[in-house]
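Have a look at the structure below, then the notes.
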Amino acid sequence: MQKIRVKIPWPEGLHMRPASRVVAVVRTFHSTVRLRLGNSVAEASSMLSLVALCASLNAVVDVEVSGDDELEALQAVAACFELPAVSTGQHG
């Protein structure tokens, strides 16, 4: 089993859009991926499970991955929680 801690970077928390991205990434691997927040555990292959985790901005979540391709899956899931630089469209 591989584990990593990530911080929720989205102002709205782990809502539908980022959850769907995580689910899409997880479903490309054979490994089982779970997100743990306190005593709550979410199956990362389930949109409903991820959203029900109610992970808010800056919440620290443990990602646990087990399976044949766990290292690759862990790296891919961790990348989902890294925000790319985006333009705000404001000029100053």
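As shown in the structure tokens, the chain order sets the letters A, B, ...; within each chain, residues go from 1, and ligands are also counted from 1 in the order they appear.
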Shell of 12 Å around Phe29 (chain A), only C-alpha atoms, local chain residues under 2 positions omitted, as a PDB file with N, CA, C and O atoms, in the first residue's frame:
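Listed below is the output, result_13.pdb:
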ATOM      1  N   VAL A  22     -10.817  13.407 -10.449  1.00  0.00           N
ATOM      2  CA  VAL A  22     -10.185  12.350  -9.653  1.00  0.00           C
ATOM      3  C   VAL A  22     -10.740  10.989 -10.065  1.00  0.00           C
ATOM      4  O   VAL A  22      -9.986  10.038 -10.301  1.00  0.00           O
ATOM      5  N   VAL A  23     -12.055  10.881 -10.174  1.00  0.00           N
ATOM      6  CA  VAL A  23     -12.694   9.621 -10.560  1.00  0.00           C
ATOM      7  C   VAL A  23     -12.187   9.165 -11.927  1.00  0.00           C
ATOM      8  O   VAL A  23     -11.847   7.991 -12.121  1.00  0.00           O
ATOM      9  N   ALA A  24     -12.113  10.078 -12.891  1.00  0.00           N
ATOM     10  CA  ALA A  24     -11.648   9.723 -14.235  1.00  0.00           C
ATOM     11  C   ALA A  24     -10.218   9.190 -14.196  1.00  0.00           C
ATOM     12  O   ALA A  24      -9.896   8.206 -14.876  1.00  0.00           O
ATOM     13  N   VAL A  25      -9.371   9.813 -13.403  1.00  0.00           N
ATOM     14  CA  VAL A  25      -7.978   9.368 -13.293  1.00  0.00           C
ATOM     15  C   VAL A  25      -7.912   8.002 -12.619  1.00  0.00           C
ATOM     16  O   VAL A  25      -7.240   7.086 -13.097  1.00  0.00           O
ATOM     17  N   VAL A  26      -8.622   7.839 -11.527  1.00  0.00           N
ATOM     18  CA  VAL A  26      -8.597   6.586 -10.769  1.00  0.00           C
ATOM     19  C   VAL A  26      -9.069   5.417 -11.623  1.00  0.00           C
ATOM     20  O   VAL A  26      -8.505   4.324 -11.564  1.00  0.00           O
ATOM     21  N   ARG A  27     -10.066   5.637 -12.444  1.00  0.00           N
ATOM     22  CA  ARG A  27     -10.627   4.549 -13.253  1.00  0.00           C
ATOM     23  C   ARG A  27      -9.691   4.083 -14.369  1.00  0.00           C
ATOM     24  O   ARG A  27      -9.977   3.065 -15.006  1.00  0.00           O
ATOM     25  N   SER A  31      -5.550  -0.378  -9.468  1.00  0.00           N
ATOM     26  CA  SER A  31      -5.441  -0.281  -8.012  1.00  0.00           C
ATOM     27  C   SER A  31      -6.697   0.296  -7.376  1.00  0.00           C
ATOM     28  O   SER A  31      -7.452   1.021  -8.016  1.00  0.00           O
ATOM     29  N   THR A  32      -6.879  -0.009  -6.107  1.00  0.00           N
ATOM     30  CA  THR A  32      -7.957   0.563  -5.310  1.00  0.00           C
ATOM     31  C   THR A  32      -7.438   1.843  -4.672  1.00  0.00           C
ATOM     32  O   THR A  32      -6.356   1.847  -4.072  1.00  0.00           O
ATOM     33  N   VAL A  33      -8.192   2.920  -4.800  1.00  0.00           N
ATOM     34  CA  VAL A  33      -7.794   4.217  -4.248  1.00  0.00           C
ATOM     35  C   VAL A  33      -8.870   4.687  -3.284  1.00  0.00           C
ATOM     36  O   VAL A  33     -10.049   4.713  -3.628  1.00  0.00           O
ATOM     37  N   ALA A  44     -12.364   6.417  -4.202  1.00  0.00           N
ATOM     38  CA  ALA A  44     -12.055   7.449  -5.191  1.00  0.00           C
ATOM     39  C   ALA A  44     -12.596   7.133  -6.580  1.00  0.00           C
ATOM     40  O   ALA A  44     -12.541   7.984  -7.464  1.00  0.00           O
ATOM     41  N   SER A  45     -13.132   5.962  -6.774  1.00  0.00           N
ATOM     42  CA  SER A  45     -13.745   5.637  -8.061  1.00  0.00           C
ATOM     43  C   SER A  45     -15.221   6.010  -8.089  1.00  0.00           C
ATOM     44  O   SER A  45     -15.893   5.824  -9.096  1.00  0.00           O
ATOM     45  N   VAL A  65      -3.486   3.915  -1.674  1.00  0.00           N
ATOM     46  CA  VAL A  65      -3.597   3.177  -2.925  1.00  0.00           C
ATOM     47  C   VAL A  65      -2.994   1.795  -2.743  1.00  0.00           C
ATOM     48  O   VAL A  65      -1.886   1.663  -2.210  1.00  0.00           O
ATOM     49  N   SER A  66      -3.732   0.778  -3.172  1.00  0.00           N
ATOM     50  CA  SER A  66      -3.183  -0.578  -3.130  1.00  0.00           C
ATOM     51  C   SER A  66      -3.542  -1.308  -4.416  1.00  0.00           C
ATOM     52  O   SER A  66      -4.647  -1.176  -4.936  1.00  0.00           O
ATOM     53  N   GLY A  67      -2.563  -2.049  -4.931  1.00  0.00           N
ATOM     54  CA  GLY A  67      -2.786  -2.797  -6.158  1.00  0.00           C
ATOM     55  C   GLY A  67      -1.528  -2.899  -6.991  1.00  0.00           C
ATOM     56  O   GLY A  67      -0.445  -2.438  -6.603  1.00  0.00           O
ATOM     57  N   ASP A  68      -1.682  -3.481  -8.168  1.00  0.00           N
ATOM     58  CA  ASP A  68      -0.548  -3.744  -9.047  1.00  0.00           C
ATOM     59  C   ASP A  68       0.147  -2.485  -9.535  1.00  0.00           C
ATOM     60  O   ASP A  68       1.355  -2.466  -9.720  1.00  0.00           O
ATOM     61  N   ASP A  69      -0.613  -1.435  -9.780  1.00  0.00           N
ATOM     62  CA  ASP A  69      -0.043  -0.196 -10.325  1.00  0.00           C
ATOM     63  C   ASP A  69      -0.168   0.954  -9.325  1.00  0.00           C
ATOM     64  O   ASP A  69      -0.378   2.097  -9.683  1.00  0.00           O
ATOM     65  N   GLU A  70       0.001   0.638  -8.032  1.00  0.00           N
ATOM     66  CA  GLU A  70      -0.266   1.610  -6.976  1.00  0.00           C
ATOM     67  C   GLU A  70       0.622   2.849  -7.031  1.00  0.00           C
ATOM     68  O   GLU A  70       0.169   3.947  -6.767  1.00  0.00           O
ATOM     69  N   LEU A  71       1.884   2.699  -7.372  1.00  0.00           N
ATOM     70  CA  LEU A  71       2.770   3.858  -7.409  1.00  0.00           C
ATOM     71  C   LEU A  71       2.346   4.835  -8.503  1.00  0.00           C
ATOM     72  O   LEU A  71       2.250   6.040  -8.267  1.00  0.00           O
ATOM     73  N   GLU A  72       2.058   4.310  -9.679  1.00  0.00           N
ATOM     74  CA  GLU A  72       1.611   5.155 -10.781  1.00  0.00           C
ATOM     75  C   GLU A  72       0.264   5.810 -10.462  1.00  0.00           C
ATOM     76  O   GLU A  72       0.043   6.985 -10.751  1.00  0.00           O
ATOM     77  N   ALA A  73      -0.623   5.032  -9.866  1.00  0.00           N
ATOM     78  CA  ALA A  73      -1.936   5.568  -9.505  1.00  0.00           C
ATOM     79  C   ALA A  73      -1.798   6.664  -8.453  1.00  0.00           C
ATOM     80  O   ALA A  73      -2.451   7.710  -8.550  1.00  0.00           O
ATOM     81  N   LEU A  74      -0.941   6.462  -7.482  1.00  0.00           N
ATOM     82  CA  LEU A  74      -0.724   7.455  -6.438  1.00  0.00           C
ATOM     83  C   LEU A  74      -0.215   8.765  -7.030  1.00  0.00           C
ATOM     84  O   LEU A  74      -0.694   9.845  -6.688  1.00  0.00           O
ATOM     85  N   GLN A  75       0.744   8.674  -7.924  1.00  0.00           N
ATOM     86  CA  GLN A  75       1.291   9.877  -8.558  1.00  0.00           C
ATOM     87  C   GLN A  75       0.230  10.603  -9.379  1.00  0.00           C
ATOM     88  O   GLN A  75       0.141  11.835  -9.341  1.00  0.00           O
ATOM     89  N   ALA A  76      -0.589   9.858 -10.093  1.00  0.00           N
ATOM     90  CA  ALA A  76      -1.625  10.467 -10.924  1.00  0.00           C
ATOM     91  C   ALA A  76      -2.695  11.140 -10.073  1.00  0.00           C
ATOM     92  O   ALA A  76      -3.152  12.247 -10.385  1.00  0.00           O
ATOM     93  N   VAL A  77      -3.086  10.501  -8.982  1.00  0.00           N
ATOM     94  CA  VAL A  77      -4.099  11.082  -8.103  1.00  0.00           C
ATOM     95  C   VAL A  77      -3.538  12.322  -7.413  1.00  0.00           C
ATOM     96  O   VAL A  77      -4.205  13.353  -7.318  1.00  0.00           O
TER      97      VAL A  77
END
Selection near Met16 (chain A), 9 Å with only C-alpha atoms, sequence-local residues under 2 positions removed, as an MDAnalysis selection string = chainID A and resid 14 18:21 47:48 50:51
request  = Using DSSP on the backbone, list every residue of chain A that comes out as strand (DSSP E or B), and give them as a list in words.
outcome  =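 For chain A, the strand (DSSP E or B) set is Gln2, Lys3, Ile4, Arg5, Val6, Lys7, Thr32, Val33, Arg34, Leu35, Arg36, Leu37, Ser40, Val41, Ala42, Glu43, Val60, Val61, Asp62, Val63, Glu64, Val65 and Ser66 of chain A.
Nearest-residue note for Val41 (chain A): choosing from A:Asn58, A:Phe81, A:Gln2, A:Leu53, the minimum distance belongs to A:Leu53, counting only C-alpha atoms.
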request  = For Leu57 (chain A), please output as number ranges by chain all residues within 7 Å (counting only C-alpha atoms; exclusion window: fewer than 5 positions along the same chain).
outcome  = A: 8-13
Please dump the current selection as a PDB file, in the first residue's frame; keep C-alpha atoms.
ATOM      1  CA  ILE A   8      -7.672  20.385  -0.876  1.00  0.00           C
ATOM      2  CA  PRO A   9      -6.767  23.400  -3.052  1.00  0.00           C
ATOM      3  CA  TRP A  10     -10.202  24.406  -4.362  1.00  0.00           C
ATOM      4  CA  PRO A  11     -12.072  27.298  -2.687  1.00  0.00           C
ATOM      5  CA  GLU A  12     -15.308  25.303  -2.955  1.00  0.00           C
ATOM      6  CA  GLY A  13     -13.663  22.163  -1.543  1.00  0.00           C
TER       7      GLY A  13
END
